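**Q** I am attaching a structure below and will ask some questions about it afterwards.
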Number of protein chains: 2
Amino acid sequence: MYSVLLEHIQKFITLEPSEIDILESSLDITKIKKKQHVLQEGQVCTTMYFITKGCFRQYIINDKGTEQTLQFGIESWWITDYLSYHNHTPSNFYIQAVENSEVIAIEQPVLESLLIQIPKLERYFKIVSQKTFGAAQMRIKILFTMSAEERYHHFSNLNPDFVQRVPQYMLASYLDFSAEFISKIRAGLERK
Amino acid sequence: MYSVLLEHIQKFITLEPSEIDILESSLDITKIKKKQHVLQEGQVCTTMYFITKGCFRQYIINDKGTEQTLQFGIESWWITDYLSYHNHTPSNFYIQAVENSEVIAIEQPVLESLLIQIPKLERYFKIVSQKTFGAAQMRIKILFTMSAEERYHHFSNLNPDFVQRVPQYMLASYLDFSAEFISKIRAGLERK
DNA sequence: CGGTCTCTTGACGGAGTTCAAAGCTAGTGG
DNA sequence: CCACTAGCTTTGAACTCCGTCAAGAGACCG
């Protein structure tokens, strides 16, 4: 059940059998239906979510009332609002299931207690968040250097399966252009 | 000497006197002259830099040969390329001193040895990188929702002192618009 | 002071947005 | 299993924000 998480952890650190027991007895899996939210704007985020199945997105609603996706998460990703989580401030974001999904939801006190029992998990979370930040840097680089059309092709080439899983308007906002424009890119492709 | 770092660490965890000794004996401060690089594109990044004095920026050179600043770092910030550091891949970035600066440069093997001697440092780095990632998310939100002029005012209001420290063309590229445009914003302001 | 680095200004152009309307598609309930 | 509807995608025309280019004016630093 928890094997997705246990395997992910053991990519980065080695767990003793007793530590695996502790983890298994502290955690459980929650099913989240498509379109259901695990975080809404204005709430303080007190939970970290590890996705064992499905797909989530973090989004905002802009001035014009349009949703803009800032981040996707799929199997083996952690998703949360770290700023709200650490500073106990209201979140700026929504986090929502894009598909019927399953997560391991860990409340802050539970996590802190796990971190005391298994201190080397600190290392695991350190590595994961440093890599995630590195990926965010690359994302910003791409946003800065590529045109809208280039971003679309780049992302589609890197994630050919993923682009099938989400509606195009979500993908468009993630790549920072309009839903209409993605149609125009595709239409443009035909005519060669 | 190391007080900037020690204070920063002790914002998040508590160090024993013996641990402070270990840190002080393992670290030293390097002066970096304005415009000097601590990382160049193509190099594998094996060092983390903690800025004790001055200002750095992470930038790329785009297709047109123009520098684009992706990130600034000032006193009490860590700066490195986490992707290159973790994956041992050539970096996409340059990291350069914007002012005459001082850093604590920690090579990967030194850091790993420190983390073994003082395991709770893992927690410190975890918290720092999670907060840094949270800030990157906010940055992406701002890039997505604000116009160029709004980004300029937003950033200037939040960091009135900082905007004095760096050339405007660096600030412009950090906010993702042209150096010329920042002049036009300011000119526009006059005429009211 | 001489040269390099930085900022300003204006004309023009283009990548991508906005708006509106119509055409699809897939999920849901009857 | 069909029909209906809400959600998603497509298309085109008009528009706009901001980039690009070029040239000149400051400003800083050795």
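Quick note on naming: the chains in the structure tokens go A, B, ... in the order shown, residues restart at 1 in each chain, and ligands are numbered from 1 in order of appearance.
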Run DSSP on the backbone and give me the residues of segment 9-187 of chain B it puts in alpha helix (DSSP H), as a PyMOL selection string.

**A** chain B and resi 9+17-26+82-87+108-117+121-145+148-158+162-165+168-174+179-187

**Q** Taking C-alpha atoms for each residue, export the selection above as a PDB file, in the first residue's frame.

**A**
```pdb
ATOM      1  CA  ILE B   9      21.320  28.100  11.493  1.00  0.00           C
ATOM      2  CA  PRO B  17      28.852  24.539  21.805  1.00  0.00           C
ATOM      3  CA  SER B  18      30.766  21.496  20.575  1.00  0.00           C
ATOM      4  CA  GLU B  19      28.873  21.590  17.308  1.00  0.00           C
ATOM      5  CA  ILE B  20      29.661  25.258  16.886  1.00  0.00           C
ATOM      6  CA  ASP B  21      33.331  24.346  17.313  1.00  0.00           C
ATOM      7  CA  ILE B  22      33.088  21.728  14.604  1.00  0.00           C
ATOM      8  CA  LEU B  23      31.505  24.200  12.238  1.00  0.00           C
ATOM      9  CA  GLU B  24      33.994  26.945  12.950  1.00  0.00           C
ATOM     10  CA  SER B  25      36.944  24.653  12.402  1.00  0.00           C
ATOM     11  CA  SER B  26      35.583  23.255   9.141  1.00  0.00           C
ATOM     12  CA  TYR B  82      20.909  22.240  -6.820  1.00  0.00           C
ATOM     13  CA  LEU B  83      20.193  20.221  -9.953  1.00  0.00           C
ATOM     14  CA  SER B  84      23.822  20.137 -10.994  1.00  0.00           C
ATOM     15  CA  TYR B  85      24.892  19.556  -7.397  1.00  0.00           C
ATOM     16  CA  HIS B  86      22.622  16.546  -6.869  1.00  0.00           C
ATOM     17  CA  ASN B  87      22.753  14.975 -10.311  1.00  0.00           C
ATOM     18  CA  GLN B 108      30.224  18.600  -1.220  1.00  0.00           C
ATOM     19  CA  PRO B 109      32.559  16.187   0.673  1.00  0.00           C
ATOM     20  CA  VAL B 110      33.059  18.698   3.474  1.00  0.00           C
ATOM     21  CA  LEU B 111      29.333  19.207   3.753  1.00  0.00           C
ATOM     22  CA  GLU B 112      28.635  15.477   3.790  1.00  0.00           C
ATOM     23  CA  SER B 113      31.151  15.046   6.570  1.00  0.00           C
ATOM     24  CA  LEU B 114      29.572  17.889   8.537  1.00  0.00           C
ATOM     25  CA  LEU B 115      26.151  16.339   8.064  1.00  0.00           C
ATOM     26  CA  ILE B 116      27.461  13.091   9.540  1.00  0.00           C
ATOM     27  CA  GLN B 117      29.000  14.867  12.515  1.00  0.00           C
ATOM     28  CA  LEU B 121      21.942  20.132  10.070  1.00  0.00           C
ATOM     29  CA  GLU B 122      19.886  18.014   7.693  1.00  0.00           C
ATOM     30  CA  ARG B 123      16.840  19.587   9.296  1.00  0.00           C
ATOM     31  CA  TYR B 124      18.263  23.063   8.864  1.00  0.00           C
ATOM     32  CA  PHE B 125      18.865  22.512   5.164  1.00  0.00           C
ATOM     33  CA  LYS B 126      15.479  20.897   4.763  1.00  0.00           C
ATOM     34  CA  ILE B 127      13.684  23.902   6.218  1.00  0.00           C
ATOM     35  CA  VAL B 128      15.783  26.381   4.252  1.00  0.00           C
ATOM     36  CA  SER B 129      15.215  24.621   0.952  1.00  0.00           C
ATOM     37  CA  GLN B 130      11.500  24.143   1.536  1.00  0.00           C
ATOM     38  CA  LYS B 131      11.136  27.844   2.248  1.00  0.00           C
ATOM     39  CA  THR B 132      13.231  28.692  -0.783  1.00  0.00           C
ATOM     40  CA  PHE B 133      11.025  26.503  -2.929  1.00  0.00           C
ATOM     41  CA  GLY B 134       7.953  28.192  -1.462  1.00  0.00           C
ATOM     42  CA  ALA B 135       9.422  31.537  -2.462  1.00  0.00           C
ATOM     43  CA  ALA B 136      10.046  30.236  -5.983  1.00  0.00           C
ATOM     44  CA  GLN B 137       6.380  29.272  -6.218  1.00  0.00           C
ATOM     45  CA  MET B 138       5.353  32.786  -5.226  1.00  0.00           C
ATOM     46  CA  ARG B 139       7.748  34.140  -7.812  1.00  0.00           C
ATOM     47  CA  ILE B 140       6.095  32.067 -10.530  1.00  0.00           C
ATOM     48  CA  LYS B 141       2.696  33.262  -9.336  1.00  0.00           C
ATOM     49  CA  ILE B 142       3.826  36.862  -9.692  1.00  0.00           C
ATOM     50  CA  LEU B 143       5.300  36.245 -13.150  1.00  0.00           C
ATOM     51  CA  PHE B 144       1.994  34.698 -14.201  1.00  0.00           C
ATOM     52  CA  THR B 145      -0.429  37.239 -12.821  1.00  0.00           C
ATOM     53  CA  ALA B 148       5.605  44.024 -16.343  1.00  0.00           C
ATOM     54  CA  GLU B 149       4.821  47.369 -14.751  1.00  0.00           C
ATOM     55  CA  GLU B 150       3.046  45.735 -11.810  1.00  0.00           C
ATOM     56  CA  ARG B 151       5.990  43.423 -11.234  1.00  0.00           C
ATOM     57  CA  TYR B 152       8.329  46.379 -11.119  1.00  0.00           C
ATOM     58  CA  HIS B 153       6.254  48.286  -8.580  1.00  0.00           C
ATOM     59  CA  HIS B 154       5.550  45.204  -6.517  1.00  0.00           C
ATOM     60  CA  PHE B 155       9.224  44.311  -6.302  1.00  0.00           C
ATOM     61  CA  SER B 156      10.362  47.894  -5.652  1.00  0.00           C
ATOM     62  CA  ASN B 157       7.849  48.278  -2.840  1.00  0.00           C
ATOM     63  CA  LEU B 158       8.856  45.008  -1.204  1.00  0.00           C
ATOM     64  CA  PHE B 162      17.703  46.196  -2.734  1.00  0.00           C
ATOM     65  CA  VAL B 163      16.700  47.892  -5.988  1.00  0.00           C
ATOM     66  CA  GLN B 164      19.367  50.509  -5.266  1.00  0.00           C
ATOM     67  CA  ARG B 165      22.055  47.861  -5.063  1.00  0.00           C
ATOM     68  CA  GLN B 168      18.616  48.251 -13.554  1.00  0.00           C
ATOM     69  CA  TYR B 169      19.287  45.998 -16.490  1.00  0.00           C
ATOM     70  CA  MET B 170      19.821  43.080 -14.096  1.00  0.00           C
ATOM     71  CA  LEU B 171      16.639  43.922 -12.264  1.00  0.00           C
ATOM     72  CA  ALA B 172      14.771  44.163 -15.568  1.00  0.00           C
ATOM     73  CA  SER B 173      15.847  40.701 -16.657  1.00  0.00           C
ATOM     74  CA  TYR B 174      15.034  39.278 -13.202  1.00  0.00           C
ATOM     75  CA  ALA B 179      16.170  46.972 -19.831  1.00  0.00           C
ATOM     76  CA  GLU B 180      14.565  49.627 -22.021  1.00  0.00           C
ATOM     77  CA  PHE B 181      11.160  48.974 -20.568  1.00  0.00           C
ATOM     78  CA  ILE B 182      12.226  49.819 -17.036  1.00  0.00           C
ATOM     79  CA  SER B 183      13.168  53.283 -18.290  1.00  0.00           C
ATOM     80  CA  LYS B 184       9.788  53.657 -19.883  1.00  0.00           C
ATOM     81  CA  ILE B 185       8.020  52.725 -16.657  1.00  0.00           C
ATOM     82  CA  ARG B 186       9.963  55.383 -14.798  1.00  0.00           C
ATOM     83  CA  ALA B 187       9.372  57.976 -17.515  1.00  0.00           C
TER      84      ALA B 187
END
```

**Q** May I ask you to extract the residues of chain C within 8 Å of chain B, using only C-alpha atoms (C1' of nucleotides), and to give them as a list in words?

**A**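 So the residues of chain C near chain B are DT6, DC7 and DT8 of chain C.
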
**Q** So, counting only C-alpha atoms, which residue among B:Thr14, B:Asp81, B:Ile32, B:Gly188 is closest to chain A?

**A** B:Asp81

**Q** Using only C-alpha atoms (C1' of nucleotides), select each residue of chain D with any atom at most 9 Å away from an atom of chain B, and give the selection as a PyMOL selection string.

**A** chain D and resi 17-19

**Q** Please write the residues from the selection above to a file, keeping N, CA and C atoms (P, O5', C5', C4', C3', O3' and C1' of nucleotides), as a compact mmCIF listing (two decimals), in the first residue's frame.

**A**
```
# COMPACT_ATOMS: atom_id res chain seq x y z
P DC D 17 -2.16 47.56 -23.15
O5' DC D 17 -1.08 46.74 -22.32
C5' DC D 17 -1.14 45.31 -22.31
C4' DC D 17 0.19 44.73 -22.70
C3' DC D 17 1.41 45.39 -22.06
O3' DC D 17 2.16 44.34 -21.46
C1' DC D 17 1.73 45.17 -24.42
P DC D 18 3.21 44.65 -20.31
O5' DC D 18 4.55 44.51 -21.14
C5' DC D 18 4.79 43.27 -21.82
C4' DC D 18 5.74 43.51 -22.95
C3' DC D 18 7.05 44.19 -22.55
O3' DC D 18 8.06 43.21 -22.64
C1' DC D 18 6.19 44.97 -24.66
P DG D 19 9.57 43.41 -22.62
O5' DG D 19 9.93 43.16 -24.16
C5' DG D 19 9.52 41.94 -24.78
C4' DG D 19 10.11 41.85 -26.17
C3' DG D 19 11.62 42.08 -26.23
O3' DG D 19 12.17 41.23 -27.24
C1' DG D 19 10.49 43.81 -27.42
```

**Q** Write out as an mmCIF file with N, CA and C atoms, in the first residue's frame which residues come within 8 Å of His8 of chain B when counting only C-alpha atoms (C1' of nucleotides), dropping same-chain ones fewer than 4 positions away.

**A**
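Okay, this is what ended up in part-v1.cif:
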```cif
data_model
loop_
_atom_site.group_PDB
_atom_site.id
_atom_site.type_symbol
_atom_site.label_atom_id
_atom_site.label_comp_id
_atom_site.auth_asym_id
_atom_site.auth_seq_id
_atom_site.Cartn_x
_atom_site.Cartn_y
_atom_site.Cartn_z
ATOM 1 N N VAL B 4 27.269 35.173 10.940
ATOM 2 C CA VAL B 4 26.088 35.291 10.085
ATOM 3 C C VAL B 4 25.481 33.908 9.840
ATOM 4 N N PHE B 12 16.701 28.104 13.141
ATOM 5 C CA PHE B 12 15.888 26.932 12.804
ATOM 6 C C PHE B 12 16.176 25.726 13.690
ATOM 7 N N SER B 76 22.946 36.055 4.084
ATOM 8 C CA SER B 76 22.171 34.972 4.707
ATOM 9 C C SER B 76 21.414 34.097 3.710
#
```

**Q** So which residues of segment 23-171 of chain A fall under strand (DSSP E or B) by DSSP, listed as a ChimeraX atom specification?

**A** /A:29-32,37-39,44,47-53,55-61,67-74,78-79,90,94-97,101-107

**Q** When you count only C-alpha atoms, which of these residues is closest to Gln58 of chain A: A:Leu27, A:Ile95, A:Leu175, A:Met146?

**A**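 Closest residue, counting only C-alpha atoms: A:Ile95.
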
**Q** In Å, with one decimal, what is the gap from atom CA of Ala105 of chain B to atom CA of Trp77 of chain B?

**A**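 Result for atom CA of Ala105 of chain B versus atom CA of Trp77 of chain B: 12.1 Å, one decimal.
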
**Q** Excluding Ile104 of chain B and its own-chain neighbours fewer than 3 positions away, which residues fall within 6 Å of it when counting only C-alpha atoms (C1' of nucleotides)? Please give them as a PyMOL selection string.

**A** chain B and resi 28-29+49-50

**Q** Please identify all polymer residues within 10 Å of Glu75 of chain B, counting only C-alpha atoms (C1' of nucleotides), omitting same-chain residues fewer than 5 positions from it, and present them as JSON, numbers by chain.

**A** {"B": [4, 5, 50, 51, 52, 53, 54, 55, 56, 101, 102, 103]}

**Q** Pick out the closest residue to chain B from this set: A:Asn159, A:Thr30, A:Gln68, A:Ser3. Count only C-alpha atoms.

**A** A:Gln68

**Q** Please provide the set of residues having any atom within 12 Å of DG29 of chain C, restricted to only C-alpha atoms (C1' of nucleotides), with same-chain residues fewer than 5 positions apart removed, written as a PyMOL selection string.

**A** chain D and resi 1-5

**Q** Could you jot down the atom CA of His37 of chain A to atom CA of His88 of chain A separation for me, Å, one decimal place?

**A**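 Going from atom CA of His37 of chain A over to atom CA of His88 of chain A, I get 19.0 Å.
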
**Q** Give me the residues near segment 21-29 of chain D as a list of chain:residue names, where near means some atom within 10 Å (using only C-alpha atoms (C1' of nucleotides)) and where sequence neighbours in that chain fewer than 3 positions away do not count.

**A** C:DG3, C:DT4, C:DC5, C:DT6, C:DC7, C:DT8, C:DT9, C:DG10, C:DA11, C:DC12

**Q** What's the separation between atom CA of Tyr59 of chain B and atom CA of Phe72 of chain A, in Å to one decimal place?

**A**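 Answer for the atom CA of Tyr59 of chain B to atom CA of Phe72 of chain A separation: 25.4 Å.
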